[in-house]
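S.K.: Quick one, query-v5.cif (mmCIF, C-alpha atoms):
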```
data_coords
loop_
_atom_site.label_atom_id
_atom_site.label_comp_id
_atom_site.auth_asym_id
_atom_site.auth_seq_id
_atom_site.Cartn_x
_atom_site.Cartn_y
_atom_site.Cartn_z
CA MET Z 2 103.28 87.01 111.36
CA GLY Z 3 99.58 87.72 111.03
CA LYS Z 4 96.94 85.31 109.79
CA ILE Z 5 97.77 83.76 106.44
CA ASN Z 6 95.77 81.98 103.78
CA ALA Z 7 97.58 80.44 100.84
CA SER Z 8 97.36 77.42 98.56
CA LEU Z 9 99.90 75.38 96.60
CA HIS Z 10 98.72 73.90 93.34
CA ARG Z 11 100.12 71.04 91.30
CA GLY Z 12 101.98 72.09 88.19
CA GLU Z 13 103.33 75.31 89.72
CA LEU Z 14 106.70 76.48 91.00
CA VAL Z 15 106.14 78.94 93.85
CA ALA Z 16 108.99 81.06 95.25
CA LEU Z 17 108.85 82.07 98.91
CA ILE Z 18 110.72 85.35 99.40
CA GLY Z 19 111.25 87.83 102.19
CA THR Z 20 113.98 89.46 104.26
CA ASN Z 21 116.02 87.58 106.85
CA GLY Z 22 113.94 87.04 109.96
CA ALA Z 23 110.64 87.61 108.15
CA GLY Z 24 109.40 84.11 108.97
CA LYS Z 25 110.17 82.07 105.85
CA SER Z 26 111.83 79.24 107.73
CA THR Z 27 109.09 79.21 110.36
CA LEU Z 28 106.46 78.90 107.64
CA LEU Z 29 108.32 76.06 105.92
CA ARG Z 30 108.86 74.21 109.21
CA THR Z 31 105.18 74.54 109.99
CA ILE Z 32 104.05 73.25 106.59
CA SER Z 33 106.56 70.40 106.89
CA ALA Z 34 105.27 69.54 110.41
CA TYR Z 35 108.67 70.16 112.00
CA GLN Z 36 106.78 72.42 114.38
CA LYS Z 37 103.12 72.76 115.28
CA PRO Z 38 101.02 75.58 113.85
CA LEU Z 39 100.52 78.44 116.29
CA GLU Z 40 96.92 78.36 115.14
CA GLY Z 41 94.85 77.14 112.23
CA THR Z 42 95.37 74.03 110.14
CA ILE Z 43 97.20 72.84 107.04
CA THR Z 44 95.30 70.77 104.48
CA TYR Z 45 97.54 68.28 102.67
CA PRO Z 46 97.05 66.91 99.13
CA ASP Z 47 95.02 63.88 100.29
CA GLY Z 48 92.48 66.27 101.84
CA THR Z 49 93.31 65.60 105.49
CA GLU Z 50 94.46 68.29 107.90
CA SER Z 51 97.33 68.70 110.35
CA PRO Z 52 98.53 67.23 112.61
CA ARG Z 53 99.98 64.30 110.68
CA THR Z 54 102.29 61.51 111.76
CA PRO Z 55 105.70 61.42 110.03
CA ALA Z 56 104.69 58.23 108.20
CA GLU Z 57 101.51 59.83 106.88
CA LEU Z 58 103.23 63.05 105.90
CA SER Z 59 106.03 61.25 104.06
CA THR Z 60 103.60 60.20 101.32
CA GLN Z 61 102.26 63.74 100.91
CA LEU Z 62 105.27 66.00 101.16
CA ALA Z 63 109.00 65.72 100.43
CA VAL Z 64 111.43 68.21 101.96
CA VAL Z 65 114.90 69.27 100.76
CA LEU Z 66 116.68 71.23 103.48
CA THR Z 67 119.47 73.79 103.25
CA GLU Z 68 122.70 71.95 103.85
CA ASN Z 69 126.01 71.57 102.11
CA ASN Z 70 125.76 67.79 102.19
CA LYS Z 71 129.17 66.25 102.80
CA THR Z 72 127.95 62.69 103.41
CA LEU Z 73 130.87 60.27 103.17
CA ASN Z 74 131.16 56.73 101.82
CA ILE Z 75 127.67 56.56 100.35
CA LYS Z 76 126.77 56.43 96.69
CA VAL Z 77 124.36 58.68 94.85
CA ARG Z 78 121.95 55.84 94.16
CA GLU Z 79 121.90 54.91 97.85
CA ILE Z 80 120.95 58.48 98.79
CA VAL Z 81 118.18 58.59 96.19
CA SER Z 82 116.89 55.19 97.36
CA LEU Z 83 116.21 56.68 100.81
CA GLY Z 84 113.26 58.42 99.20
CA ARG Z 85 111.55 55.05 98.95
CA MET Z 86 111.52 54.49 102.73
CA PRO Z 87 107.79 55.34 103.10
CA TYR Z 88 106.97 52.42 100.80
CA THR Z 89 109.44 49.68 101.75
CA ASN Z 90 109.01 46.99 104.40
CA ILE Z 91 110.68 47.11 107.83
CA PHE Z 92 113.88 45.74 106.31
CA GLY Z 93 114.03 48.51 103.71
CA GLN Z 94 113.92 45.97 100.90
CA LEU Z 95 113.60 47.56 97.47
CA ARG Z 96 111.16 45.97 95.06
CA ARG Z 97 110.93 46.32 91.30
CA ASN Z 98 108.69 49.39 91.45
CA ASP Z 99 111.02 51.03 93.98
CA ASN Z 100 114.04 50.54 91.73
CA MET Z 101 112.06 51.94 88.80
CA ALA Z 102 111.14 55.03 90.83
CA ILE Z 103 114.79 55.54 91.81
CA GLU Z 104 116.03 55.25 88.24
CA GLN Z 105 113.32 57.58 86.98
CA ALA Z 106 114.09 60.19 89.66
CA MET Z 107 117.78 60.23 88.75
CA LYS Z 108 116.90 60.52 85.07
CA MET Z 109 114.54 63.44 85.69
CA VAL Z 110 117.33 65.54 87.20
CA GLY Z 111 120.02 64.25 84.85
CA ILE Z 112 122.26 62.39 87.31
CA GLU Z 113 121.79 58.80 86.18
CA HIS Z 114 125.44 58.76 85.07
CA LEU Z 115 126.45 59.61 88.65
CA ALA Z 116 124.61 56.69 90.26
CA GLU Z 117 127.75 54.87 91.44
CA ARG Z 118 129.69 57.99 92.45
CA LEU Z 119 130.36 58.70 96.12
CA MET Z 120 128.64 61.80 97.44
CA GLU Z 121 131.91 63.40 98.58
CA THR Z 122 133.19 63.39 94.99
CA LEU Z 123 130.31 65.51 93.66
CA SER Z 124 130.12 69.23 93.04
CA ASP Z 125 127.66 71.31 95.08
CA GLY Z 126 125.25 71.37 92.16
CA GLU Z 127 125.43 67.60 91.71
CA ARG Z 128 124.82 67.04 95.43
CA GLN Z 129 121.78 69.33 95.33
CA LYS Z 130 120.40 67.46 92.31
CA THR Z 131 120.90 64.21 94.20
CA MET Z 132 118.82 65.47 97.11
CA ILE Z 133 116.11 66.62 94.70
CA ALA Z 134 116.16 63.18 93.07
CA LYS Z 135 115.66 61.67 96.52
CA ALA Z 136 112.59 63.89 96.97
CA LEU Z 137 111.29 62.86 93.53
CA ALA Z 138 111.79 59.18 94.34
CA GLN Z 139 109.50 59.75 97.32
CA GLU Z 140 106.68 60.30 94.80
CA THR Z 141 104.81 62.95 96.76
CA PRO Z 142 102.37 65.48 95.26
CA ALA Z 143 104.29 68.37 96.86
CA ILE Z 144 107.97 69.20 97.39
CA ILE Z 145 109.39 71.94 99.64
CA LEU Z 146 112.95 73.20 99.20
CA ASP Z 147 114.67 75.52 101.65
CA GLU Z 148 117.29 77.68 99.89
CA PRO Z 149 118.30 75.02 97.33
CA THR Z 150 120.60 77.45 95.49
CA ALA Z 151 122.49 78.63 98.58
CA PHE Z 152 125.84 76.97 97.73
CA LEU Z 153 125.70 77.27 93.95
CA ASP Z 154 127.29 79.63 91.45
CA PHE Z 155 125.06 81.82 89.30
CA GLN Z 156 124.86 79.51 86.28
CA SER Z 157 124.03 76.53 88.50
CA ARG Z 158 121.36 78.55 90.33
CA VAL Z 159 119.66 79.41 87.04
CA GLN Z 160 119.82 75.81 85.84
CA LEU Z 161 118.43 74.49 89.11
CA MET Z 162 115.50 76.90 89.20
CA ARG Z 163 114.66 76.15 85.56
CA MET Z 164 114.83 72.43 86.31
CA LEU Z 165 112.44 72.83 89.26
CA LYS Z 166 109.98 74.71 87.07
CA SER Z 167 110.13 72.00 84.43
CA LEU Z 168 109.57 69.32 87.07
CA ALA Z 169 106.57 71.20 88.46
CA HIS Z 170 105.01 71.54 85.02
CA GLU Z 171 105.89 68.13 83.56
CA GLN Z 172 105.43 65.98 86.67
CA LYS Z 173 102.48 67.99 88.00
CA LYS Z 174 104.18 68.63 91.33
CA ALA Z 175 103.42 71.50 93.67
CA ILE Z 176 106.91 72.89 94.40
CA LEU Z 177 107.58 75.59 96.99
CA VAL Z 178 111.09 77.07 97.05
CA SER Z 179 112.39 79.43 99.72
CA THR Z 180 115.02 81.64 98.14
CA HIS Z 181 117.03 84.85 98.46
CA ASP Z 182 117.58 84.87 94.67
CA LEU Z 183 114.97 87.56 94.17
CA GLU Z 184 115.63 88.28 90.50
CA LEU Z 185 115.64 84.58 89.62
CA ALA Z 186 112.40 84.09 91.51
CA LEU Z 187 110.76 86.98 89.68
CA GLN Z 188 111.83 85.68 86.28
CA ILE Z 189 111.30 81.93 86.71
CA ALA Z 190 108.65 81.19 89.36
CA ASP Z 191 105.01 80.80 88.36
CA LYS Z 192 103.85 82.47 91.57
CA ILE Z 193 105.35 84.33 94.51
CA TRP Z 194 104.70 84.04 98.24
CA LEU Z 195 106.10 87.23 99.75
CA ILE Z 196 106.44 87.77 103.49
CA HIS Z 197 106.63 91.49 104.20
CA ASN Z 198 105.86 93.46 107.35
CA GLY Z 199 104.31 90.45 109.02
CA CYS Z 200 101.94 89.62 106.16
CA LEU Z 201 101.97 86.97 103.43
CA TYR Z 202 101.18 88.22 99.93
CA THR Z 203 100.56 85.70 97.15
CA GLY Z 204 100.08 85.94 93.40
CA ASN Z 205 101.86 86.00 90.08
CA ILE Z 206 104.22 88.80 89.06
CA ASP Z 207 101.54 90.83 87.29
CA GLU Z 208 99.20 90.68 90.28
CA LEU Z 209 101.86 91.66 92.80
CA THR Z 210 103.06 94.45 90.53
CA GLN Z 211 99.63 95.89 89.84
CA ASN Z 212 98.77 96.14 93.53
CA GLY Z 213 102.19 97.65 94.35
CA THR Z 214 103.33 94.84 96.64
CA LEU Z 215 106.62 94.13 94.87
CA GLN Z 216 107.51 97.80 94.64
CA LYS Z 217 106.98 98.29 98.38
CA PHE Z 218 109.13 95.27 99.17
CA ILE Z 219 111.99 95.93 96.74
CA GLU Z 220 112.36 99.67 96.47
CA SER Z 221 114.54 101.66 98.84
CA ASP Z 222 117.35 104.21 98.57
CA GLY Z 223 119.19 103.50 95.32
CA ILE Z 224 117.06 100.46 94.40
CA ARG Z 225 114.14 100.54 91.98
CA TYR Z 226 111.85 97.85 90.58
CA ASN Z 227 111.26 98.20 86.84
CA SER Z 228 107.86 96.52 86.53
CA LYS Z 229 107.75 96.81 82.72
CA GLN Z 230 110.91 94.76 82.30
CA ASN Z 231 110.57 92.84 85.59
CA ARG Z 232 114.04 93.93 86.68
CA ILE Z 233 115.66 95.30 89.82
CA GLU Z 234 117.76 98.37 89.02
CA LEU Z 235 120.40 100.30 90.94
CA ILE Z 236 120.00 104.04 90.57
#
```
The structure in this file should be written as structure tokens.

M.R.:
Amino acid sequence: MGKINASLHRGELVALIGTNGAGKSTLLRTISAYQKPLEGTITYPDGTESPRTPAELSTQLAVVLTENNKTLNIKVREIVSLGRMPYTNIFGQLRRNDNMAIEQAMKMVGIEHLAERLMETLSDGERQKTMIAKALAQETPAIILDEPTAFLDFQSRVQLMRMLKSLAHEQKKAILVSTHDLELALQIADKIWLIHNGCLYTGNIDELTQNGTLQKFIESDGIRYNSKQNRIELI
């Protein structure tokens, strides 16, 4: 991938799209400090630049990875409470403010009624909401999600993306979502990060349509992008 320059802003849901192998996962791993930048720096919400220690980064950025979480013998509330680890003492003791953050995070994603359920008894959508609640309990300015809709049916994917947009707007979070759900991304996300032919293009739908970027990425034999209706059509 060539040189990139992009910014995440609080209050926005940004969808990261691109073909398999384009570099989406590499970009997310770099932002999340799972691997070092090949060059350049990343400026985090507190104004400091990479590299960051895991402890420092845990107060700036929460990450929800792609996994069909089958954790056994652990309750939903216990999973969500792990988001408070950056703020607890060496014994992991939860204080009043920690418990309040945990309860609020579960309420924000609508799983407070599942608090005492074991993870293995949940549906895929409920497990994904639990992991998002864990990220919210971490109380970071930014959240990164890698393919959060991968194991969900269509209705659940729509609900999850709408929930993420609401969280970004209402909680003033900067949320970056890597996704293959192109049509959902185009209809729900505030902005798009598109990796195509080794370059990163950023902007809202109107901007990426007007400069022809979306058409070049989407259109091929039998596939057309209807920019007026913001739809992908088979022809």

S.K.: Can you find the residues with an atom no farther than 10 Å from (112.1, 51.2, 93.4), counting all atoms listed in the file, and report them as a PDB file with C-alpha atoms, in the coordinates of the input?

M.R.:
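The result, written out as result-v1.pdb:
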```
ATOM      1  CA  VAL Z  81     118.180  58.590  96.190  1.00  0.00           C
ATOM      2  CA  SER Z  82     116.890  55.190  97.360  1.00  0.00           C
ATOM      3  CA  GLY Z  84     113.260  58.420  99.200  1.00  0.00           C
ATOM      4  CA  ARG Z  85     111.550  55.050  98.950  1.00  0.00           C
ATOM      5  CA  MET Z  86     111.520  54.490 102.730  1.00  0.00           C
ATOM      6  CA  TYR Z  88     106.970  52.420 100.800  1.00  0.00           C
ATOM      7  CA  THR Z  89     109.440  49.680 101.750  1.00  0.00           C
ATOM      8  CA  GLN Z  94     113.920  45.970 100.900  1.00  0.00           C
ATOM      9  CA  LEU Z  95     113.600  47.560  97.470  1.00  0.00           C
ATOM     10  CA  ARG Z  96     111.160  45.970  95.060  1.00  0.00           C
ATOM     11  CA  ARG Z  97     110.930  46.320  91.300  1.00  0.00           C
ATOM     12  CA  ASN Z  98     108.690  49.390  91.450  1.00  0.00           C
ATOM     13  CA  ASP Z  99     111.020  51.030  93.980  1.00  0.00           C
ATOM     14  CA  ASN Z 100     114.040  50.540  91.730  1.00  0.00           C
ATOM     15  CA  MET Z 101     112.060  51.940  88.800  1.00  0.00           C
ATOM     16  CA  ALA Z 102     111.140  55.030  90.830  1.00  0.00           C
ATOM     17  CA  ILE Z 103     114.790  55.540  91.810  1.00  0.00           C
ATOM     18  CA  GLU Z 104     116.030  55.250  88.240  1.00  0.00           C
ATOM     19  CA  GLN Z 105     113.320  57.580  86.980  1.00  0.00           C
ATOM     20  CA  ALA Z 106     114.090  60.190  89.660  1.00  0.00           C
ATOM     21  CA  ALA Z 138     111.790  59.180  94.340  1.00  0.00           C
ATOM     22  CA  GLN Z 139     109.500  59.750  97.320  1.00  0.00           C
TER      23      GLN Z 139
END
```

S.K.: Out of Z:Glu234, Z:Glu79, Z:Asp147, Z:Asp154, which residue has the shortest atom-to-atom distance to Arg118 in chain Z when counting all atoms listed in the file?

M.R.: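 Of all the options, Z:Glu79 lies closest to Arg118 in chain Z.
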
S.K.: Taking the file as shown, what set of residues would the PyMOL selection byres ((chain Z and resi 52) around 10) give back, as a VMD selection string?

M.R.: chain Z and resid 34 36 to 38 42 to 44 49 to 51 53 to 55 57 to 58

S.K.: Determine the residue membership of the PyMOL selection byres ((chain Z and resi 64) around 6) for the file above and supply it as a PyMOL selection string.

M.R.: chain Z and resi 63+65+144-146

S.K.: Rounded to one decimal in Å, what is the spacing between CA of Ser179 in chain Z and CA of Asp47 in chain Z?

M.R.: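 So the two atoms, CA of Ser179 in chain Z and CA of Asp47 in chain Z, lie 23.3 Å apart.
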
S.K.: Residues of range 41-130 of chain Z within 10 Å of range 163-175 of chain Z: nearest atom pair and distance (Å, one decimal) for each, counting all atoms listed in the file, sorted by chain and number, as a Markdown table?

M.R.:
```
| residue | atom | partner | partner_atom | distance |
| --- | --- | --- | --- | --- |
| Z:Pro46 | CA | Z:Ala175 | CA | 9.6 |
| Z:Leu62 | CA | Z:Ala175 | CA | 9.5 |
| Z:Met109 | CA | Z:Leu168 | CA | 7.8 |
| Z:Val110 | CA | Z:Met164 | CA | 7.4 |
| Z:Gly111 | CA | Z:Met164 | CA | 9.8 |
| Z:Lys130 | CA | Z:Met164 | CA | 9.6 |
```

S.K.: Could you check the closest approach to Asn6 in chain Z for each of Z:Leu187, Z:Leu29, Z:Ile75, Z:Leu201 and tell me which residue wins, using all atoms listed in the file?

M.R.: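 Under the stated criterion, the closest residue is Z:Leu201.
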
S.K.: Report as a PyMOL selection string the full result of the PyMOL selection byres ((chain Z and resi 206-209) around 10) when it is applied to this structure.

M.R.: chain Z and resi 186-188+190-195+202-205+210-216+228-229+231

S.K.: Please list as a list in words every residue within 12 Å of Leu235 in chain Z, counting all atoms listed in the file and excluding residues in the same chain fewer than 6 positions away.

M.R.: Ile219, Glu220, Ser221, Asp222, Gly223, Ile224, Arg225, Tyr226 and Asn227 of chain Z

S.K.: Out of Z:Leu185, Z:Leu9, Z:Leu73, Z:Ile112, which residue has the shortest atom-to-atom distance to Met132 in chain Z when counting only C-alpha atoms?

M.R.: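 The shortest atom-to-atom distance to Met132 in chain Z comes from Z:Ile112.
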
S.K.: Rounded to one decimal, what separation in Å do you get between CA of Lys108 in chain Z and CA of Ser157 in chain Z?

M.R.: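 Spanning CA of Lys108 in chain Z to CA of Ser157 in chain Z is a straight-line distance of 17.9 Å.
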